[in-house]
Amino acid sequence: MNYAILIDGGFVKRKIGSAKCPATSAGFKNLIDDIIALPELQAHHLHRAYYYDSAPLTSQEQKPLGGGTVDFGADPVVNRSARLFSELAKLPFMALRLGELSFNGWGIATKRMTKDVDGMTIKHADLKPQIQQKGVDMRIGLDIAALTLKKHAQIVVLVSGDSDFIPAMKFARREGCQLFLCTLGQRVKPAMLEHCDLLLEIHHR
């Protein structure tokens with residue numbers, strides 16, 4: 001049977017990387033190689049690996065309370081993400097599916113909110129951007145449906161710990177596809193385990 005590997009990039013970056021040592025394309029390649037080498041997949045054929053993530057925010061926004069202009073495109077994460085996406089795109093049998101980030105204004109940093117005071121003075125340093133990821137979960141769900149209905153893959157290997165994918169997992173199984181789940185050791189809601197056919201044991205390194 002053919003199988004496809006669907007990688008929730010945001011989730012995996014948190015598991016194989018950190019703020020001090022961000023995830024790299026080499027780390028993702030190692031993960032894919034580890035999945036391919038699993039005994040449960042040895043008798044099957046890799047159709048393609050899919051990587052899902054958001055392109056970084058690059059807009060310039062005015063920060064209230066005299067905070068001036070904030071250039072999100074100047075953040076080092078922009079160049080790092082571009083390099084990661086470029087390197088991942090060059091891996092064999094890899095397809096990138098990129099959503100976007102939207103800027104939804106400014107909010108007060110949670111650490112400034114306390115229950116012990118009736119009020120407080122807000123400065124621009126207390127404001128944090130409200131950024132929302134758009135389109136990534138939808139792309140994963142659509143690809144699970146397309147791979148299943150078009151019979152491109154009879155096994156879907158989902159690398160994520162996000163319970164939002166449960167409806168897509170249930171759909172794939174109803175349509176005759178086997179759903180393998182890889183959580184990289186992350187504890188997940190019982191419903192995710194209920195609606196997968198097999199839990200693949202891989203722990204990040």
# chains A, B, ... in the order shown; residues from 1 in each chain; ligands from 1

$ closest_atom_pairs --of "region 43-149 of chain A" --to "region 169-172 of chain A" --cutoff "12 Å" --atoms "only C-alpha atoms" --output "tab-separated table"
residue	atom	partner	partner_atom	distance
A:Ile140	CA	A:Met169	CA	10.4
A:Gly141	CA	A:Met169	CA	8.4
A:Leu142	CA	A:Ala172	CA	10.7
A:Asp143	CA	A:Ala172	CA	10.3
A:Ile144	CA	A:Ala172	CA	6.7
A:Ala145	CA	A:Ala172	CA	6.5
A:Ala146	CA	A:Ala172	CA	9.4
A:Leu147	CA	A:Ala172	CA	8.8
A:Thr148	CA	A:Ala172	CA	6.0
A:Leu149	CA	A:Ala172	CA	8.4

$ select_by_dssp --residues "region 8-198 of chain A" --states "alpha helix (DSSP H)" --output "number ranges by chain"
A: 9-16, 25-36, 76-89, 136-149, 166-174, 190-194

$ closest_residue --among "A:Leu181, A:Leu6, A:Ala37, A:Ile131" --to "Ser59 (chain A)" --atoms "only C-alpha atoms"
A:Ile131

$ closest_atom_pairs --of "region 88-127 of chain A" --to "region 24-30 of chain A" --cutoff "10 Å" --atoms "only C-alpha atoms" --output "Markdown table"
| residue | atom | partner | partner_atom | distance |
| --- | --- | --- | --- | --- |
| A:Leu88 | CA | A:Ser25 | CA | 5.7 |
| A:Ala89 | CA | A:Ser25 | CA | 9.5 |
| A:Lys90 | CA | A:Ser25 | CA | 9.8 |
| A:Leu91 | CA | A:Lys29 | CA | 7.8 |
| A:Pro92 | CA | A:Lys29 | CA | 9.8 |

$ residues_around --residues "region 10-22 of chain A" --least-positions-apart "6" --cutoff "12 Å" --atoms "only C-alpha atoms" --output "PyMOL selection string"
chain A and resi 28-32+51-56+76-77+80-81+84+98-99+133+136-137+158-163+182-186+202-205

$ write_last_selection --atoms "C-alpha atoms" --output "PDB file, in the first residue's frame"
ATOM      1  CA  PHE A  28      12.835  17.066   9.869  1.00  0.00           C
ATOM      2  CA  LYS A  29      14.708  14.773   7.492  1.00  0.00           C
ATOM      3  CA  ASN A  30      15.769  12.620  10.440  1.00  0.00           C
ATOM      4  CA  LEU A  31      12.149  12.433  11.570  1.00  0.00           C
ATOM      5  CA  ILE A  32      10.946  11.383   8.110  1.00  0.00           C
ATOM      6  CA  TYR A  51       4.851  19.746   5.520  1.00  0.00           C
ATOM      7  CA  TYR A  52       2.344  22.291   6.856  1.00  0.00           C
ATOM      8  CA  ASP A  53       3.242  25.613   8.415  1.00  0.00           C
ATOM      9  CA  SER A  54       2.562  29.352   8.273  1.00  0.00           C
ATOM     10  CA  ALA A  55       4.665  31.816   6.354  1.00  0.00           C
ATOM     11  CA  PRO A  56       6.013  34.368   8.877  1.00  0.00           C
ATOM     12  CA  PRO A  76      15.267  36.834  12.638  1.00  0.00           C
ATOM     13  CA  VAL A  77      12.533  34.195  12.492  1.00  0.00           C
ATOM     14  CA  ARG A  80      15.149  31.387   9.466  1.00  0.00           C
ATOM     15  CA  SER A  81      11.719  30.278   8.263  1.00  0.00           C
ATOM     16  CA  LEU A  84      13.860  26.154   6.462  1.00  0.00           C
ATOM     17  CA  LEU A  98       1.925  27.008   3.686  1.00  0.00           C
ATOM     18  CA  GLY A  99      -0.824  28.992   5.367  1.00  0.00           C
ATOM     19  CA  GLN A 133      -2.509  31.308  12.120  1.00  0.00           C
ATOM     20  CA  VAL A 136      -2.857  25.402   8.045  1.00  0.00           C
ATOM     21  CA  ASP A 137      -5.366  23.100   9.761  1.00  0.00           C
ATOM     22  CA  LEU A 158      -0.321  12.113  10.782  1.00  0.00           C
ATOM     23  CA  VAL A 159       2.460  13.708  12.829  1.00  0.00           C
ATOM     24  CA  SER A 160       0.621  15.962  15.272  1.00  0.00           C
ATOM     25  CA  GLY A 161      -0.899  16.178  18.711  1.00  0.00           C
ATOM     26  CA  ASP A 162      -3.742  18.513  17.761  1.00  0.00           C
ATOM     27  CA  SER A 163      -7.209  17.146  18.510  1.00  0.00           C
ATOM     28  CA  CYS A 182       2.703   9.910  15.493  1.00  0.00           C
ATOM     29  CA  THR A 183       2.677  12.245  18.516  1.00  0.00           C
ATOM     30  CA  LEU A 184       6.437  12.236  19.279  1.00  0.00           C
ATOM     31  CA  GLY A 185       5.701  11.274  22.855  1.00  0.00           C
ATOM     32  CA  GLN A 186       3.189  14.077  23.394  1.00  0.00           C
ATOM     33  CA  ILE A 202       8.908   7.777  17.848  1.00  0.00           C
ATOM     34  CA  HIS A 203      10.453  10.087  20.416  1.00  0.00           C
ATOM     35  CA  HIS A 204      12.223  13.233  19.284  1.00  0.00           C
ATOM     36  CA  ARG A 205      16.007  13.299  19.484  1.00  0.00           C
TER      37      ARG A 205
END

$ select_by_dssp --residues "region 31-166 of chain A" --states "strand (DSSP E)" --output "VMD selection string"
chain A and resid 45 to 54 60 to 63 68 to 71 94 to 108 127 to 134 155 to 159

$ write_last_selection --atoms "N, CA and C atoms" --output "CSV table (one decimal), in the first residue's frame"
chain,number,residue,atom,x,y,z
A,45,HIS,N,4.8,1.6,0.6
A,45,HIS,CA,5.6,2.5,-0.3
A,45,HIS,C,5.2,4.0,0.0
A,46,LEU,N,6.3,4.8,0.2
A,46,LEU,CA,6.0,6.2,0.5
A,46,LEU,C,5.5,6.9,-0.8
A,47,HIS,N,4.3,7.5,-0.7
A,47,HIS,CA,3.8,8.3,-1.8
A,47,HIS,C,4.4,9.7,-1.7
A,48,ARG,N,4.3,10.4,-0.6
A,48,ARG,CA,4.9,11.7,-0.4
A,48,ARG,C,4.8,12.1,1.0
A,49,ALA,N,5.7,13.0,1.4
A,49,ALA,CA,5.6,13.7,2.7
A,49,ALA,C,5.1,15.1,2.5
A,50,TYR,N,4.2,15.6,3.4
A,50,TYR,CA,3.7,16.9,3.3
A,50,TYR,C,4.0,17.7,4.6
A,51,TYR,N,4.5,18.9,4.4
A,51,TYR,CA,4.9,19.7,5.5
A,51,TYR,C,3.9,21.0,5.5
A,52,TYR,N,3.3,21.2,6.7
A,52,TYR,CA,2.3,22.3,6.9
A,52,TYR,C,2.8,23.3,7.9
A,53,ASP,N,2.8,24.6,7.5
A,53,ASP,CA,3.2,25.6,8.4
A,53,ASP,C,2.7,26.9,7.9
A,54,SER,N,3.0,28.0,8.7
A,54,SER,CA,2.6,29.4,8.3
A,54,SER,C,3.8,30.1,7.8
A,60,GLN,N,4.4,45.8,8.5
A,60,GLN,CA,4.8,46.8,9.5
A,60,GLN,C,3.5,47.4,10.1
A,61,GLU,N,3.5,47.4,11.4
A,61,GLU,CA,2.3,47.9,12.1
A,61,GLU,C,2.7,49.0,13.1
A,62,GLN,N,1.8,49.9,13.3
A,62,GLN,CA,2.0,51.0,14.3
A,62,GLN,C,1.5,50.5,15.7
A,63,LYS,N,2.4,50.7,16.6
A,63,LYS,CA,2.1,50.2,18.0
A,63,LYS,C,1.6,51.4,18.8
A,68,GLY,N,5.7,53.4,18.3
A,68,GLY,CA,6.4,53.5,17.0
A,68,GLY,C,5.9,52.4,16.0
A,69,THR,N,6.7,52.2,15.0
A,69,THR,CA,6.4,51.2,14.0
A,69,THR,C,7.2,49.9,14.3
A,70,VAL,N,6.4,48.8,14.2
A,70,VAL,CA,7.0,47.5,14.5
A,70,VAL,C,7.1,46.8,13.1
A,71,ASP,N,8.4,46.5,12.8
A,71,ASP,CA,8.6,45.8,11.5
A,71,ASP,C,8.8,44.3,11.8
A,94,MET,N,8.8,15.5,-1.1
A,94,MET,CA,8.3,16.5,-0.1
A,94,MET,C,7.5,17.5,-0.8
A,95,ALA,N,6.4,17.9,-0.2
A,95,ALA,CA,5.5,19.0,-0.6
A,95,ALA,C,5.2,19.9,0.5
A,96,LEU,N,5.4,21.2,0.3
A,96,LEU,CA,5.1,22.2,1.3
A,96,LEU,C,3.7,22.8,1.1
A,97,ARG,N,3.0,22.9,2.2
A,97,ARG,CA,1.6,23.5,2.2
A,97,ARG,C,1.7,24.6,3.2
A,98,LEU,N,1.7,25.9,2.8
A,98,LEU,CA,1.9,27.0,3.7
A,98,LEU,C,0.7,27.8,3.8
A,99,GLY,N,0.2,28.1,5.1
A,99,GLY,CA,-0.8,29.0,5.4
A,99,GLY,C,-0.2,30.4,5.6
A,100,GLU,N,-0.9,31.2,6.4
A,100,GLU,CA,-0.4,32.5,6.6
A,100,GLU,C,-0.7,32.9,8.1
A,101,LEU,N,-0.1,34.0,8.5
A,101,LEU,CA,-0.3,34.6,9.8
A,101,LEU,C,-1.0,35.9,9.6
A,102,SER,N,-2.0,36.2,10.4
A,102,SER,CA,-2.7,37.5,10.3
A,102,SER,C,-2.5,38.3,11.5
A,103,PHE,N,-2.3,39.6,11.4
A,103,PHE,CA,-2.2,40.5,12.5
A,103,PHE,C,-3.5,41.0,12.9
A,104,ASN,N,-3.9,40.8,14.2
A,104,ASN,CA,-5.3,41.2,14.7
A,104,ASN,C,-5.2,42.2,15.8
A,105,GLY,N,-4.2,43.1,15.7
A,105,GLY,CA,-4.2,44.2,16.7
A,105,GLY,C,-3.3,43.9,17.8
A,106,TRP,N,-3.4,44.7,18.9
A,106,TRP,CA,-2.6,44.6,20.1
A,106,TRP,C,-3.4,44.2,21.3
A,107,GLY,N,-2.8,43.4,22.2
A,107,GLY,CA,-3.4,43.1,23.5
A,107,GLY,C,-2.4,43.3,24.6
A,108,ILE,N,-2.9,43.2,25.8
A,108,ILE,CA,-2.1,43.4,27.0
A,108,ILE,C,-1.4,42.1,27.3
A,127,LEU,N,2.2,45.9,25.6
A,127,LEU,CA,1.4,45.5,24.5
A,127,LEU,C,2.1,44.4,23.7
A,128,LYS,N,1.3,43.3,23.4
A,128,LYS,CA,1.8,42.2,22.6
A,128,LYS,C,1.0,42.1,21.3
A,129,PRO,N,1.6,41.7,20.2
A,129,PRO,CA,0.8,41.6,19.0
A,129,PRO,C,-0.1,40.3,19.1
A,130,GLN,N,-1.3,40.5,18.5
A,130,GLN,CA,-2.3,39.4,18.5
A,130,GLN,C,-2.2,38.8,17.1
A,131,ILE,N,-1.5,37.6,17.0
A,131,ILE,CA,-1.3,37.0,15.7
A,131,ILE,C,-2.0,35.7,15.6
A,132,GLN,N,-2.7,35.5,14.5
A,132,GLN,CA,-3.5,34.2,14.3
A,132,GLN,C,-3.0,33.5,13.1
A,133,GLN,N,-2.9,32.2,13.2
A,133,GLN,CA,-2.5,31.3,12.1
A,133,GLN,C,-3.8,31.0,11.3
A,134,LYS,N,-3.7,31.1,10.0
A,134,LYS,CA,-4.8,30.8,9.2
A,134,LYS,C,-4.5,29.8,8.0
A,155,ILE,N,-2.7,4.6,3.5
A,155,ILE,CA,-2.3,4.8,4.9
A,155,ILE,C,-1.9,6.3,5.0
A,156,VAL,N,-2.5,7.0,6.0
A,156,VAL,CA,-2.0,8.4,6.3
A,156,VAL,C,-1.3,8.4,7.6
A,157,VAL,N,-0.1,8.9,7.6
A,157,VAL,CA,0.7,9.0,8.9
A,157,VAL,C,0.6,10.5,9.3
A,158,LEU,N,-0.1,10.7,10.3
A,158,LEU,CA,-0.3,12.1,10.8
A,158,LEU,C,0.6,12.4,12.0
A,159,VAL,N,1.5,13.4,11.8
A,159,VAL,CA,2.5,13.7,12.8
A,159,VAL,C,2.0,15.0,13.5

$ atom_distance --atom1 "CA of Pro167 (chain A)" --atom2 "CA of Asp8 (chain A)"
15.8 Å

$ atom_distance --atom1 "CA of Glu87 (chain A)" --atom2 "CA of Gly135 (chain A)"
21.8 Å

$ closest_residue --among "A:Lys151, A:Lys123, A:Lys189, A:His195" --to "Ala4 (chain A)" --atoms "only C-alpha atoms"
A:Lys151

$ atom_distance --atom1 "CA of His44 (chain A)" --atom2 "CA of Leu200 (chain A)"
14.9 Å
